[in-house]
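Shown here: run_6.csv, CSV, C-alpha atoms and all ligand atoms.
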chain,number,residue,atom,x,y,z
A,1,MET,CA,3.1,16.0,12.6
A,2,ARG,CA,1.2,14.5,9.6
A,3,LYS,CA,-1.2,11.6,9.7
A,4,THR,CA,-3.4,10.1,6.9
A,5,TYR,CA,-7.1,9.3,7.3
A,6,LYS,CA,-8.7,7.1,4.7
A,7,TYR,CA,-12.5,7.0,3.9
A,8,ARG,CA,-14.6,5.2,1.4
A,9,LEU,CA,-16.4,7.4,-1.2
A,10,TYR,CA,-19.7,6.6,-2.9
A,11,PRO,CA,-19.8,8.8,-6.1
A,12,SER,CA,-22.9,8.9,-8.2
A,13,LYS,CA,-22.8,7.7,-11.8
A,14,THR,CA,-22.2,11.2,-13.1
A,15,GLN,CA,-19.6,12.0,-10.5
A,16,GLU,CA,-17.8,8.7,-11.2
A,17,ALA,CA,-17.7,9.6,-14.9
A,18,LYS,CA,-16.2,13.0,-14.0
A,19,LEU,CA,-13.6,11.3,-11.7
A,20,LEU,CA,-12.6,8.9,-14.4
A,21,ALA,CA,-12.3,11.7,-17.0
A,22,THR,CA,-10.2,13.6,-14.6
A,23,LEU,CA,-7.9,10.7,-14.0
A,24,GLU,CA,-7.5,10.3,-17.8
A,25,VAL,CA,-6.7,14.0,-18.3
A,26,CYS,CA,-4.1,13.8,-15.5
A,27,ARG,CA,-2.6,10.6,-16.9
A,28,ILE,CA,-2.2,12.3,-20.3
A,29,LEU,CA,-0.7,15.4,-18.8
A,30,PHE,CA,1.7,13.3,-16.7
A,31,ASN,CA,2.9,11.4,-19.8
A,32,SER,CA,3.2,14.5,-21.9
A,33,CYS,CA,5.3,16.2,-19.2
A,34,LEU,CA,7.6,13.2,-19.3
A,35,VAL,CA,7.9,13.5,-23.1
A,36,ASP,CA,8.6,17.3,-22.8
A,37,ARG,CA,11.3,16.8,-20.3
A,38,LYS,CA,12.9,14.0,-22.4
A,39,CYS,CA,12.8,16.0,-25.6
A,40,HIS,CA,14.0,19.1,-23.9
A,41,TYR,CA,17.0,17.3,-22.5
A,42,GLU,CA,17.8,15.6,-25.8
A,43,SER,CA,17.7,18.8,-27.8
A,44,THR,CA,19.4,21.2,-25.3
A,45,GLY,CA,21.2,19.0,-22.8
A,46,LYS,CA,19.4,20.7,-20.0
A,47,GLY,CA,16.6,19.7,-17.7
A,48,LEU,CA,13.1,21.2,-17.8
A,49,SER,CA,12.0,22.6,-14.4
A,50,ARG,CA,8.6,22.2,-12.8
A,51,ILE,CA,8.2,26.0,-12.9
A,52,ARG,CA,8.8,26.1,-16.7
A,53,GLN,CA,6.3,23.2,-17.1
A,54,GLN,CA,3.8,25.2,-15.1
A,55,GLU,CA,4.2,28.0,-17.6
A,56,ILE,CA,3.7,25.6,-20.5
A,57,LEU,CA,0.6,24.2,-18.8
A,58,ALA,CA,-0.8,27.7,-18.4
A,59,ALA,CA,-0.4,28.3,-22.1
A,60,ASP,CA,-1.9,25.0,-23.0
A,61,LYS,CA,-4.9,25.6,-20.8
A,62,LYS,CA,-5.9,28.5,-23.1
A,63,ARG,CA,-6.1,26.1,-26.1
A,64,VAL,CA,-7.0,22.7,-24.7
A,65,LEU,CA,-10.6,22.6,-23.5
A,66,LEU,CA,-10.2,19.3,-21.6
A,67,LEU,CA,-7.7,20.9,-19.2
A,68,LYS,CA,-10.4,23.4,-18.2
A,69,GLU,CA,-12.6,20.6,-16.9
A,70,VAL,CA,-10.0,19.8,-14.2
A,71,HIS,CA,-9.4,21.9,-11.1
A,72,SER,CA,-6.2,23.9,-11.7
A,73,GLN,CA,-4.5,22.7,-8.5
A,74,VAL,CA,-5.2,19.1,-9.3
A,75,LEU,CA,-3.3,19.7,-12.6
A,76,GLN,CA,-0.5,21.4,-10.8
A,77,ASP,CA,-0.2,18.5,-8.5
A,78,VAL,CA,0.5,16.3,-11.6
A,79,LEU,CA,3.5,18.5,-12.3
A,80,PHE,CA,4.7,17.9,-8.7
A,81,ARG,CA,4.3,14.2,-9.3
A,82,VAL,CA,6.4,14.4,-12.5
A,83,ASP,CA,9.0,16.3,-10.5
A,84,ARG,CA,9.1,13.7,-7.7
A,85,ALA,CA,9.4,10.9,-10.3
A,86,TYR,CA,12.4,12.7,-11.7
A,87,GLN,CA,14.0,13.4,-8.3
A,88,GLY,CA,13.7,9.7,-7.6
A,89,PHE,CA,15.3,8.9,-10.9
A,90,PHE,CA,18.3,11.2,-10.2
A,91,ARG,CA,18.6,9.9,-6.7
A,92,ARG,CA,18.8,6.3,-8.0
A,93,LEU,CA,21.4,7.4,-10.6
A,94,SER,CA,23.6,9.0,-7.9
A,95,GLU,CA,23.3,6.0,-5.6
A,96,LYS,CA,24.2,3.6,-8.4
A,97,HIS,CA,21.8,0.9,-7.2
A,98,GLY,CA,22.1,-0.9,-10.5
A,99,LYS,CA,18.5,-0.3,-11.5
A,100,THR,CA,18.1,3.3,-12.3
A,101,GLY,CA,14.7,3.1,-14.0
A,102,TYR,CA,13.7,6.2,-16.0
A,103,PRO,CA,10.3,7.5,-14.8
A,104,ARG,CA,7.6,5.4,-16.5
A,105,PHE,CA,4.8,6.3,-18.7
A,106,LYS,CA,1.4,5.5,-17.2
A,107,SER,CA,-0.6,3.2,-19.4
A,108,GLU,CA,-4.4,3.3,-19.5
A,109,GLY,CA,-5.9,2.6,-16.2
A,110,ARG,CA,-2.5,2.8,-14.4
A,111,TYR,CA,-3.0,6.3,-13.2
A,112,ASP,CA,-5.4,5.9,-10.2
A,113,SER,CA,-5.3,9.0,-8.0
A,114,ILE,CA,-5.6,12.7,-8.0
A,115,THR,CA,-4.7,15.2,-5.3
A,116,TYR,CA,-6.3,18.4,-4.2
A,117,PRO,CA,-3.4,20.1,-2.5
A,118,GLN,CA,-5.5,22.6,-0.4
A,119,GLU,CA,-8.9,23.9,0.5
A,120,PRO,CA,-11.2,25.2,-0.9
A,121,GLY,CA,-10.5,22.9,-3.9
A,122,PHE,CA,-12.0,20.3,-1.6
A,123,LYS,CA,-14.1,20.8,1.5
A,124,ILE,CA,-16.1,18.6,3.9
A,125,GLU,CA,-19.6,20.2,3.8
A,126,GLU,CA,-22.7,18.9,5.6
A,127,GLY,CA,-21.4,15.3,5.7
A,128,LYS,CA,-20.3,15.3,2.1
A,129,LEU,CA,-17.0,15.8,0.4
A,130,LYS,CA,-17.2,18.7,-2.0
A,131,LEU,CA,-14.7,18.4,-4.8
A,132,SER,CA,-14.3,21.3,-7.2
A,133,LYS,CA,-15.4,20.4,-10.7
A,134,ILE,CA,-16.8,17.1,-9.5
A,135,GLY,CA,-19.5,17.8,-7.0
A,136,HIS,CA,-20.7,16.8,-3.5
A,137,LEU,CA,-19.7,13.2,-3.0
A,138,LYS,CA,-21.1,10.8,-0.4
A,139,ILE,CA,-18.5,9.9,2.1
A,140,LYS,CA,-18.5,7.4,4.9
A,141,MET,CA,-16.7,9.1,7.8
A,142,HIS,CA,-16.3,6.0,10.0
A,143,ARG,CA,-14.2,8.1,12.4
A,144,ALA,CA,-13.6,11.7,13.0
A,145,VAL,CA,-10.6,13.6,11.7
A,146,ALA,CA,-8.5,15.0,14.5
A,147,GLY,CA,-6.4,17.9,13.4
A,148,GLN,CA,-6.3,20.2,10.4
A,149,VAL,CA,-6.8,18.7,6.9
A,150,LYS,CA,-4.1,19.8,4.5
A,151,THR,CA,-4.5,17.7,1.3
A,152,CYS,CA,-7.1,15.4,-0.2
A,153,THR,CA,-6.3,12.5,-2.5
A,154,ILE,CA,-8.9,10.6,-4.4
A,155,ARG,CA,-8.0,7.1,-5.3
A,156,LYS,CA,-9.7,4.4,-7.4
A,157,ASP,CA,-9.1,0.9,-6.1
A,158,GLY,CA,-10.7,-1.7,-8.4
A,159,ASN,CA,-14.3,-0.4,-8.5
A,160,HIS,CA,-14.2,1.3,-5.1
A,161,TRP,CA,-13.3,4.9,-4.5
A,162,TYR,CA,-11.4,6.2,-1.5
A,163,THR,CA,-10.3,9.6,-0.2
A,164,CYS,CA,-7.1,10.1,1.9
A,165,PHE,CA,-6.8,13.2,4.0
A,166,SER,CA,-3.4,14.3,5.1
A,167,VAL,CA,-3.8,15.9,8.4
A,168,GLU,CA,-1.6,18.1,10.5
A,169,TYR,CA,-1.9,17.5,14.2
A,170,GLU,CA,-0.2,17.8,17.5
A,171,PRO,CA,0.7,14.4,19.0
A,172,GLU,CA,-0.1,14.1,22.6
A,173,LYS,CA,2.9,13.8,24.8
A,174,ARG,CA,3.3,10.5,26.6
A,175,PRO,CA,6.2,9.1,28.6
A,176,VAL,CA,8.5,7.1,26.3
A,177,PRO,CA,9.1,3.5,27.5
A,178,THR,CA,12.7,2.9,28.5
A,179,LYS,CA,13.0,-0.7,27.2
A,180,ALA,CA,14.8,-1.4,23.9
A,181,VAL,CA,13.9,-4.1,21.3
A,182,GLY,CA,15.3,-5.7,18.2
A,183,ILE,CA,13.0,-7.1,15.5
A,184,ASP,CA,13.8,-9.9,13.1
A,185,VAL,CA,11.3,-10.3,10.3
A,186,GLY,CA,11.3,-13.9,9.2
A,187,LEU,CA,9.9,-16.6,7.1
A,188,LYS,CA,8.4,-18.8,9.7
A,189,SER,CA,6.7,-16.2,11.9
A,190,PHE,CA,6.0,-12.7,10.7
A,191,ALA,CA,8.5,-11.3,13.1
A,192,THR,CA,10.4,-12.2,16.3
A,193,LEU,CA,11.4,-9.7,19.0
A,194,SER,CA,14.6,-9.8,21.0
A,195,ASP,CA,12.6,-10.5,24.2
A,196,GLY,CA,11.5,-13.8,22.5
A,197,THR,CA,8.0,-12.7,21.5
A,198,GLU,CA,6.9,-14.3,18.2
A,199,ILE,CA,4.4,-12.4,16.0
A,200,THR,CA,2.6,-14.9,13.8
A,201,ASN,CA,0.7,-14.0,10.7
A,202,PRO,CA,-3.0,-14.2,11.7
A,203,LYS,CA,-4.8,-17.2,10.3
A,204,HIS,CA,-7.4,-15.2,8.3
A,205,LEU,CA,-4.7,-13.3,6.6
A,206,ARG,CA,-2.8,-16.5,5.7
A,207,LYS,CA,-6.0,-18.0,4.3
A,208,ALA,CA,-6.8,-14.9,2.2
A,209,GLU,CA,-3.3,-14.9,0.8
A,210,ALA,CA,-3.6,-18.6,-0.1
A,211,LYS,CA,-6.9,-17.8,-1.8
A,212,LEU,CA,-5.3,-14.9,-3.7
A,213,LYS,CA,-2.6,-17.2,-5.1
A,214,ARG,CA,-5.4,-19.6,-6.3
A,215,VAL,CA,-7.5,-16.9,-8.1
A,216,GLN,CA,-4.3,-15.5,-9.7
A,217,ARG,CA,-3.5,-18.9,-11.1
A,218,SER,CA,-7.0,-19.2,-12.4
A,219,LEU,CA,-6.7,-15.8,-14.0
A,220,SER,CA,-3.5,-16.8,-15.8
A,221,ARG,CA,-5.3,-19.7,-17.4
A,222,LYS,CA,-8.1,-17.6,-18.8
A,223,LYS,CA,-8.0,-16.6,-22.5
A,224,LYS,CA,-7.1,-13.0,-23.2
A,225,GLY,CA,-10.0,-10.7,-24.3
A,226,GLY,CA,-12.6,-13.1,-23.0
A,227,GLY,CA,-15.5,-12.2,-20.7
A,228,ASN,CA,-14.3,-14.8,-18.2
A,229,ARG,CA,-11.0,-13.1,-18.0
A,230,MET,CA,-12.6,-9.8,-17.1
A,231,GLU,CA,-14.6,-11.4,-14.4
A,232,ALA,CA,-11.5,-13.2,-13.0
A,233,LYS,CA,-9.6,-10.0,-13.2
A,234,GLN,CA,-12.1,-8.2,-11.1
A,235,ALA,CA,-12.2,-11.1,-8.6
A,236,VAL,CA,-8.4,-10.8,-8.2
A,237,ALA,CA,-8.6,-7.0,-7.8
A,238,LYS,CA,-11.2,-7.4,-5.1
A,239,LEU,CA,-9.3,-10.0,-3.2
A,240,HIS,CA,-6.1,-8.0,-3.5
A,241,ARG,CA,-7.8,-5.1,-1.8
A,242,LYS,CA,-9.1,-7.3,0.9
A,243,VAL,CA,-5.7,-8.8,1.6
A,244,ARG,CA,-4.1,-5.4,1.6
A,245,ASN,CA,-6.6,-4.0,4.0
A,246,GLN,CA,-6.4,-7.0,6.4
A,247,ARG,CA,-2.6,-6.9,6.3
A,248,LEU,CA,-2.5,-3.2,6.9
A,249,ASP,CA,-4.9,-3.6,9.9
A,250,PHE,CA,-2.6,-6.4,11.3
A,251,HIS,CA,0.5,-4.2,10.8
A,252,HIS,CA,-1.2,-1.2,12.5
A,253,LYS,CA,-2.1,-3.3,15.6
A,254,GLU,CA,1.3,-5.0,15.9
A,255,ALA,CA,3.3,-1.8,15.4
A,256,ARG,CA,1.1,-0.1,18.0
A,257,LYS,CA,1.9,-2.8,20.6
A,258,ILE,CA,5.7,-2.5,20.0
A,259,VAL,CA,5.6,1.3,20.2
A,260,ASN,CA,3.6,1.2,23.4
A,261,ASN,CA,6.2,-1.1,25.0
A,262,PHE,CA,9.6,0.0,23.7
A,263,GLY,CA,11.4,3.3,23.5
A,264,LEU,CA,14.2,2.2,21.2
A,265,ILE,CA,13.2,0.0,18.3
A,266,VAL,CA,15.8,-1.6,16.1
A,267,ALA,CA,15.0,-3.3,12.8
A,268,GLU,CA,16.8,-4.6,9.8
A,269,ASP,CA,17.5,-2.5,6.8
A,270,LEU,CA,15.5,-4.6,4.3
A,271,LYS,CA,17.2,-3.2,1.2
A,272,ILE,CA,20.2,-5.2,2.2
A,273,LYS,CA,18.3,-8.1,3.4
A,274,ASN,CA,16.5,-8.6,0.1
A,275,MET,CA,19.8,-8.7,-1.8
A,276,VAL,CA,21.1,-11.3,0.5
A,277,ARG,CA,18.0,-13.5,0.3
A,278,ASN,CA,16.8,-13.2,-3.2
A,279,ARG,CA,18.9,-16.0,-4.5
A,280,HIS,CA,17.1,-18.5,-2.4
A,281,LEU,CA,13.6,-17.1,-2.4
A,282,SER,CA,11.0,-16.2,-4.9
A,283,LYS,CA,9.3,-13.0,-4.1
A,284,SER,CA,6.7,-14.0,-1.7
A,285,ILE,CA,3.6,-12.1,-0.7
A,286,SER,CA,5.0,-11.4,2.8
A,287,ASP,CA,8.1,-9.7,1.3
A,288,ALA,CA,6.2,-6.6,0.5
A,289,GLY,CA,4.5,-6.9,3.9
A,290,TRP,CA,7.7,-6.5,5.9
A,291,GLY,CA,8.8,-3.3,4.2
A,292,ASN,CA,5.4,-1.6,4.8
A,293,PHE,CA,5.3,-2.9,8.3
A,294,LEU,CA,8.6,-1.3,9.1
A,295,LEU,CA,7.6,2.0,7.5
A,296,LEU,CA,4.5,2.1,9.6
A,297,LEU,CA,6.4,1.2,12.7
A,298,ALA,CA,8.9,4.0,12.0
A,299,SER,CA,6.1,6.5,11.6
A,300,LYS,CA,4.3,5.4,14.8
A,301,ALA,CA,7.7,5.4,16.7
A,302,GLU,CA,8.3,9.0,15.5
A,303,GLU,CA,4.8,10.0,16.6
A,304,ALA,CA,5.3,8.5,20.1
A,305,GLY,CA,8.8,10.1,20.5
A,306,CYS,CA,10.5,6.7,20.3
A,307,ARG,CA,13.7,6.1,18.5
A,308,PHE,CA,13.7,3.9,15.5
A,309,GLU,CA,16.9,2.6,13.9
A,310,LYS,CA,17.8,0.4,11.0
A,311,VAL,CA,20.9,-1.8,11.0
A,312,ASP,CA,22.7,-4.0,8.5
A,313,PRO,CA,21.2,-7.4,8.9
A,314,CYS,CA,24.3,-9.2,7.5
A,315,HIS,CA,25.2,-12.3,9.5
A,316,THR,CA,22.6,-11.6,12.2
A,317,SER,CA,21.4,-15.1,12.0
A,318,VAL,CA,24.9,-16.6,11.9
A,319,ASN,CA,26.5,-14.9,14.8
A,320,CYS,CA,26.0,-16.0,18.3
A,321,SER,CA,24.2,-13.3,20.3
A,322,CYS,CA,25.9,-14.4,23.5
A,323,CYS,CA,29.6,-14.9,22.6
A,324,GLY,CA,29.8,-13.6,19.0
A,325,SER,CA,31.1,-16.9,17.4
A,326,LYS,CA,30.0,-17.7,13.9
A,327,VAL,CA,27.5,-20.5,13.9
A,328,PRO,CA,26.6,-21.2,10.2
A,329,LYS,CA,23.2,-22.7,9.5
A,330,THR,CA,21.1,-23.4,6.5
A,331,LEU,CA,17.8,-21.7,5.9
A,332,ALA,CA,16.0,-24.8,7.1
A,333,SER,CA,17.7,-25.0,10.5
A,334,ARG,CA,15.4,-23.2,12.9
A,335,THR,CA,17.5,-23.4,16.1
A,336,HIS,CA,20.7,-21.7,17.0
A,337,ARG,CA,23.1,-24.0,19.0
A,338,CYS,CA,26.4,-22.4,19.9
A,339,PRO,CA,29.3,-24.9,20.3
A,340,SER,CA,31.5,-22.2,22.0
A,341,CYS,CA,29.2,-20.9,24.8
A,342,GLY,CA,26.4,-23.5,24.7
A,343,LEU,CA,23.6,-21.0,23.9
A,344,VAL,CA,20.5,-22.6,22.5
A,345,LEU,CA,17.8,-20.2,21.1
A,346,SER,CA,15.4,-20.2,18.2
A,347,ARG,CA,17.1,-18.9,15.1
A,348,ASP,CA,15.0,-15.8,14.8
A,349,HIS,CA,15.2,-14.9,18.5
A,350,ASN,CA,19.0,-15.0,18.3
A,351,ALA,CA,18.9,-12.8,15.2
A,352,ALA,CA,16.6,-10.3,16.9
A,353,ILE,CA,19.0,-10.0,19.8
A,354,ASN,CA,21.9,-9.4,17.4
A,355,ILE,CA,19.9,-6.7,15.6
A,356,LEU,CA,19.3,-4.9,18.9
A,357,GLN,CA,23.0,-5.2,19.8
A,358,ARG,CA,24.1,-3.8,16.5
A,359,ALA,CA,22.4,-0.5,17.3
A,360,THR,CA,23.4,-0.3,20.9
A,361,ALA,CA,26.8,-2.0,20.6
A,362,GLY,CA,26.1,-4.0,23.7
A,363,THR,CA,25.3,-0.9,25.8
A,364,ALA,CA,21.6,-1.2,25.9
A,365,GLU,CA,21.5,-0.4,29.6
A,366,SER,CA,23.3,2.9,29.3
A,367,TYR,CA,21.7,3.9,26.1
A,368,ALA,CA,21.5,7.7,25.7
A,369,TRP,CA,18.2,8.8,24.3
A,370,GLY,CA,18.7,11.3,21.5
A,371,GLU,CA,16.7,12.8,18.7
A,372,PRO,CA,14.8,10.4,16.5
A,373,ALA,CA,17.2,9.0,13.9
A,374,LEU,CA,14.9,9.5,11.0
A,375,SER,CA,14.0,13.0,9.8
A,376,GLY,CA,10.3,13.7,10.1
A,377,HIS,CA,9.9,15.0,6.6
A,378,SER,CA,11.0,12.0,4.6
A,379,LEU,CA,9.4,9.7,7.0
A,380,ASN,CA,6.0,11.4,6.8
A,381,GLN,CA,6.1,11.3,3.0
A,382,GLU,CA,6.7,7.6,3.2
A,383,ALA,CA,4.1,7.0,5.7
A,384,MET,CA,1.6,9.0,3.7
A,385,LEU,CA,2.3,7.0,0.6
A,386,LEU,CA,1.9,3.9,2.7
A,387,ALA,CA,-1.5,4.9,4.1
A,388,ALA,CA,-2.7,5.9,0.7
A,389,TRP,CA,-1.4,2.7,-0.9
A,401,ZN,ZN,28.0,-18.5,21.7
Written as structure tokens, how would this file's structure read?
Amino acid sequence: MRKTYKYRLYPSKTQEAKLLATLEVCRILFNSCLVDRKCHYESTGKGLSRIRQQEILAADKKRVLLLKEVHSQVLQDVLFRVDRAYQGFFRRLSEKHGKTGYPRFKSEGRYDSITYPQEPGFKIEEGKLKLSKIGHLKIKMHRAVAGQVKTCTIRKDGNHWYTCFSVEYEPEKRPVPTKAVGIDVGLKSFATLSDGTEITNPKHLRKAEAKLKRVQRSLSRKKKGGGNRMEAKQAVAKLHRKVRNQRLDFHHKEARKIVNNFGLIVAEDLKIKNMVRNRHLSKSISDAGWGNFLLLLASKAEEAGCRFEKVDPCHTSVNCSCCGSKVPKTLASRTHRCPSCGLVLSRDHNAAINILQRATAGTAESYAWGEPALSGHSLNQEAMLLAAW
């Protein structure tokens, strides 16, 4: 199984300059690959494969000196990224989601990571991270890596640098809990479980998010091109990073608790949920939080051998979880009161029970444990993206 470890890097001035130059070369390569694919398609009606682009890159490397400054596998990884962007584009086309979104060109500063796909392009040596063509970087290994490191991604986040190691490891076998749970992510509390547990957003996170909104407003009032704006921009980036880290930490802890207690975990398919709710709600900060939380939960569930399922959340807050009658309510009404069977529950608790029942069709007791519902491969990729986020 794969797991991601993230560590802070402290490059020297020279190393940082090299890293920035590498990002820029990769960004230009990424954009030119998009152009090549587009032109090729327009002139021939056929796609350009990654293998063909690799041949073009090899030829270019003989002429373009800048390309020689970057480790060859880092360049090859850029081609993989282009390919993945295209696969996503084709997938969206076939799914007809409405928004298809052609792969986007990366503007200056928007390309913020490079990947060394295998050793010895990177290596941990005497407490430092050795990167080919960059040097020996100071790294803060706040915890040990357990397992075999497969890939190494270097990311710029504001003015900080991080490395993410994707590690292959054998999860230890533990008995899977037999209890099942449904999870309703909500507006009032962060999430509500079908056993009635409410997970509230921690206060420090709420405070940081409120502050973030404030500094963002202040940034929007600053004049373009001014020094004040640059400063405000950096303050926003710093706070963004802080909020993101706090939120991720909170998500890790809450997901861990759920996975330790339940063997079947049922959540809402948020893609559908967002479509339902968007008419009423502006995109709030917590919106993004739910999706990431569920990804993390899915990956932890897989690791622990639990089963994770997603269900259509349609009407989960309307239906009565006891008798099934429809009890319409506005977004403001927080309590579910069923006139047919007399059930009184908090709105989110009722929804969480409905979510659980949707996966088990009311047979939670005799639920047969099967293979995890999500394939390990796609899940790991998502989880890796998340951790590297
Ligand atoms: Zn009822």
Using all atoms listed in the file, which of the listed residues (A:Asp184, A:Asp112, A:Asp312, A:Glu95) sits closest to Ala21 (chain A)?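 Among the listed residues, A:Asp112 lies closest to Ala21 (chain A).
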Minimum-distance residue to Val149 (chain A), chosen among A:Lys123, A:Lys188, A:Arg27, A:Arg334 (using all atoms listed in the file): A:Lys123
Around ligand ZN 401 (chain A), which protein and nucleic acid residues have at least one atom no more than 12 Å from it, if we count only C-alpha atoms and all ligand atoms? List them as a PyMOL selection string. chain A and resi 318-328+336-345+350+354
I'd like the neighbourhood of Leu29 (chain A) as a ChimeraX atom specification, where a residue qualifies if any of its atoms comes within 9 Å (using all atoms listed in the file), though same-chain residues fewer than 4 positions away should be ignored. /A:24-25,33-34,57,67,75,78-79
Just the residues within 10 Å of region 202-215 of chain A, please, counting only C-alpha atoms, with nothing from its chain fewer than 4 positions along; format it as number ranges by chain. A: 189-190, 219-221, 232-233, 235-240, 242-247, 250, 285-286
Between CA of Asn31 (chain A) and CA of Glu108 (chain A), what is the distance, to one decimal in Å?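 Atom-to-atom, CA of Asn31 (chain A) to CA of Glu108 (chain A), that is 10.9 Å.
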Given all atoms listed in the file as the basis, pick out the residue of A:Lys253, A:Arg241, A:Tyr7, A:Arg91 nearest to Gly158 (chain A). A:Arg241
Excluding region 126-131 of chain A and any residue of its chain fewer than 4 positions from it, enumerate the residues within 9 Å of it, using all atoms listed in the file, and give them as a list in words. Leu9, His71, Tyr116, Pro120, Gly121, Phe122, Gly135, His136, Leu137, Lys138, Ile139, Lys140 and Met141 of chain A
Given only C-alpha atoms as the counted atoms, nearest of A:Ser113, A:Lys310, A:Asp195, A:Lys68 to Ile154 (chain A):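 For Ile154 (chain A), the nearest of the candidates is A:Ser113.
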